[in-house]
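*Asks:* Structure in structure tokens, see below.
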Amino acid sequence: MGKKGRGKKGKTRRNNEASKTLEPEELKRAAHSFVVSRGRTGKYVSQLVMNFRKVMEPFTASQLKAKGTTVRDLASVAGPLGVTHLCLFTRSQIATYMKLAKFPRGPTITFRVLDYTLSRDVLHSLKRMVTYSKQFLHGPLLILNNFSGAEQHLQLTATMLQNMFPVLNVHKLKLNTLRRAVLFSYNASDGTIDFRHYTVKVVPVGISRGVKKLVTRPAVPNMGRLQDMADFVVKAGYMSESEGEDDPSSHVELAQPVRSRGNMVNARSAIRLIELGPRLTLQVIKAQSGLVGGEVLFHQLITKTEEEIEATRLRREQREQLKARRRAEQQSNVERKQALKEELKQRAMDGMKRAMAAAAATNSGSSDSEGEPEEDAAASDAEEGQEDGPAAETSKPSAGGDSEGSVTEEGEEDGEEDDDDDAEWYRKEVGQEPDEEFRSLASGSGGASRSVAKRYTKKRPGPGEPPRGAKRGRREEDKTSAAERWKPRNKRGRPISGTKVRRKQTAGAGRR
């Protein structure tokens with residue numbers, strides 16, 4: 001057995017096989033988008049954001065966590081990630097807004113969301129839901145209706161919507177990739193835009209209802225009430241329930257095979273659109289030249305004259321110039337502080353190097369002085385002693401009076417006792433008198449012991465000094481008599497009167 005968990009690969013880029021394959025050029029050139037919200041939008045607008053991400057799949061960040069990020073942050077990462085558009089939802093006290101912007105420099109179109117319906121509400125209203133995961137593997141088909149007006153904001157809106165969705169190549173298009181459709185319909189009467197999201201379903205036409213059940217459904221229908229199979233197939237009245245409702249313009253001939261039951265190449269089939277949601281009713285409020293800002297190209301509610309537009313443009317240019325100048329000053333300040341920081345760092349490093357060199361020189365000098373022979377030092381000490389004479393010895397001050405003399409005498413007496421002990425030990429162990437060599441060794445050891453004793457003997461306290469190691473916490477004046485200290489006291493530490501003491505003693509004697 002190998003290491004624990006060795007056979008299981010983690011979810012890393014190295015182990016991900018999909019990351020090793022190169023992305024096709026068509027997918028790289030396709031429009032990618034960020035769908036986020038800003039500010040306090042509420043739970044319903046947050047669900048609307050998630051529904052709109054479903055609409056923009058697979059060319060959007062469906063699991064994007066954009067809380068706390070700004071538009072500038074998104075614009076900074078949009079280039080490396082290949083993101084081209086931004087869909088921003090906001091909410092105010094008046095209404096909910098949706099902004100469509102083009103990275104990196106705009107333009108930006110602001111829509112007011114007059115009303116909306118979430119995808120879950122749309123699906124629950126259907127009698128039969130048609131949802132499956134593979135319908136979101138490819139981009140939707142974009143349908144624009146009534147965007148042929150001459151107004152500038154309409155043309156800009158149509159161009160923005162066309163660039164947000166992937167471009168379809170008719171010559172290389174596969175019918176199996178067309179699973180969804182997105183509809184933007186402009187109402188010229190009130191200036192609103194209706195948004196719808198559908199799934200595309202292809203069903204065969206021209207066959208009876210019984211045959212369609214056999215072909216399109218995987219389960220066998222219930223034929224327990226029929227006498228013959230022919231009754232189920234050719235009985236009158238079993239015509240398709242939707243064949244009379246279908247518009248003849250929705251009938252097409254399939255040029256390619258489609259992954260659905262009953263549809264064949266060069267056969268007639270009908271196209272059905274089943275709504276997935278969400279539903280949006282939009283109104284164009286404002287168009288700007290920049291990324292969520294810039295010059296106002298169109299405004300639905302405010303109208304300005306040429307002079308006001310020119311004054312606004314001049315104020316914007318001055319503001320941009322001031323911002324650029326401040327940015328340049330900040331950059332120069334940052335560079336200056338960085339250079340000063342590097343200079344101080346270099347000076348500190350140079351000072352540390354000089355200190356280390358001086359310490360090394362000091363250590364080398366001290367090691368040279370310690371390397372002198374001990375004989376030279378002893379000879380120099382002897383010469384200094386001879387020059388000073390005996391007067392220098394007598395002139396040496398002695399700490400503690402005659403204590404040094406007593407210590408020396410005691411050390412000599414201890415050395416003589418040690419010599420006697422060594423001779424006595426030799427007589428007991430050997431049975432003979434010690435010779436001269438042993439006596440010389442014993443006297444040498446005794447001298448060493450005397451020197452050690454003289455060196456390490458503790459200094460006796462002088463007159464008027466307290467003994468060493470004694471506790472100094474209690475002074476003489478604070479000392480009290482033994483009777484006063486051992487006088488009976490109560491719990492609070494106060495002395496007990498004689499009557500109470502006698503009572504306690506009597507009680508104790510009785511108990512004994």
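How things are named: the first chain in the structure tokens is A, the next is B, and so on; residues count from 1 in each chain; ligands count from 1 in the order shown.
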Select from region 78-161 of chain A everything DSSP, run on the backbone, classes as helix (DSSP H, G or I), then give the selection as a PyMOL selection string.

*Replies:* chain A and resi 78-81+119-125+133-136+152-161

*Asks:* Within 10 Å of Gly68 (chain A), counting only C-alpha atoms, which residues qualify if same-chain residues fewer than 4 places away don't, as a list in words?

*Replies:* Arg38, Gly39 and Asp73 of chain A

*Asks:* By how many Å are CA of Arg40 (chain A) and CA of Gln93 (chain A) apart?

*Replies:*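 CA of Gln93 (chain A) lies at a distance of 10.6 Å from CA of Arg40 (chain A).
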
*Asks:* In Å, rounded to a single decimal, give me how far CA of Ala30 (chain A) is from CA of Thr131 (chain A).

*Replies:*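 So the answer is 24.9 Å.
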
*Asks:* Identify which of the residues A:Phe147, A:Phe165, A:Phe34, A:Tyr116 lies closest to Phe103 (chain A), counting only C-alpha atoms when measuring atom-to-atom distances.

*Replies:*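 Ranked by minimum distance to Phe103 (chain A), first place goes to A:Phe34.
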
*Asks:* Which one is closest to Gln256 (chain A): A:Arg494, A:Lys172, A:Arg489, A:Lys43? Count only C-alpha atoms.

*Replies:*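 The shortest atom-to-atom distance to Gln256 (chain A) comes from A:Lys172.
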
*Asks:* A:Gly351, A:Asp421, A:Ile274, A:Ala328: which is nearest Arg128 (chain A), counting only C-alpha atoms?

*Replies:* A:Ile274

*Asks:* Can you tell me which residues surround region 249-253 of chain A at a distance of at most 9 Å, considering only C-alpha atoms, apart from same-chain residues fewer than 4 positions away, and format the answer as a list in words?

*Replies:*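 Near region 249-253 of chain A, the qualifying residues are Val205, Met264, Val265, Asn266, Ala267, Arg268, Ser269, Ala270, Ile271 and Arg272 of chain A.
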
*Asks:* Quick one: everything within 10 Å of Val83 (chain A), counting only C-alpha atoms, minus sequence neighbours fewer than 6 positions away in the same chain. Send it as a VMD selection string.

*Replies:* chain A and resid 28 to 34 59 to 61 74 to 75 77 102 to 104

*Asks:* Please produce a file of the residues just selected, as a PDB file, in the first residue's frame, where the atoms kept are C-alpha atoms.

*Replies:*
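To be explicit, this is the file written out as part17.pdb:
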ATOM      1  CA  LYS A  28     -11.372  33.134 -27.307  1.00  0.00           C
ATOM      2  CA  ARG A  29     -12.879  35.690 -29.667  1.00  0.00           C
ATOM      3  CA  ALA A  30     -16.394  35.195 -28.273  1.00  0.00           C
ATOM      4  CA  ALA A  31     -17.863  37.875 -26.029  1.00  0.00           C
ATOM      5  CA  HIS A  32     -17.476  37.163 -22.309  1.00  0.00           C
ATOM      6  CA  SER A  33     -19.246  39.050 -19.565  1.00  0.00           C
ATOM      7  CA  PHE A  34     -19.397  39.806 -15.836  1.00  0.00           C
ATOM      8  CA  PHE A  59     -19.512  32.816 -21.598  1.00  0.00           C
ATOM      9  CA  THR A  60     -19.876  34.328 -18.140  1.00  0.00           C
ATOM     10  CA  ALA A  61     -18.526  33.790 -14.629  1.00  0.00           C
ATOM     11  CA  LEU A  74     -13.289  44.302 -12.539  1.00  0.00           C
ATOM     12  CA  ALA A  75     -11.798  46.382 -15.355  1.00  0.00           C
ATOM     13  CA  VAL A  77      -8.878  41.762 -14.476  1.00  0.00           C
ATOM     14  CA  LYS A 102     -18.082  47.635 -22.721  1.00  0.00           C
ATOM     15  CA  PHE A 103     -14.605  46.989 -21.323  1.00  0.00           C
ATOM     16  CA  PRO A 104     -12.293  48.827 -21.045  1.00  0.00           C
TER      17      PRO A 104
END

*Asks:* Counting only C-alpha atoms, what is within 9 Å of Thr157 (chain A), bar same-chain residues fewer than 2 positions away, as a list in words?

*Replies:* Ile109, Phe147, Gln152, His153, Leu154, Gln155, Thr159, Met160, Leu161, Gln162, Val284 and Ala287 of chain A
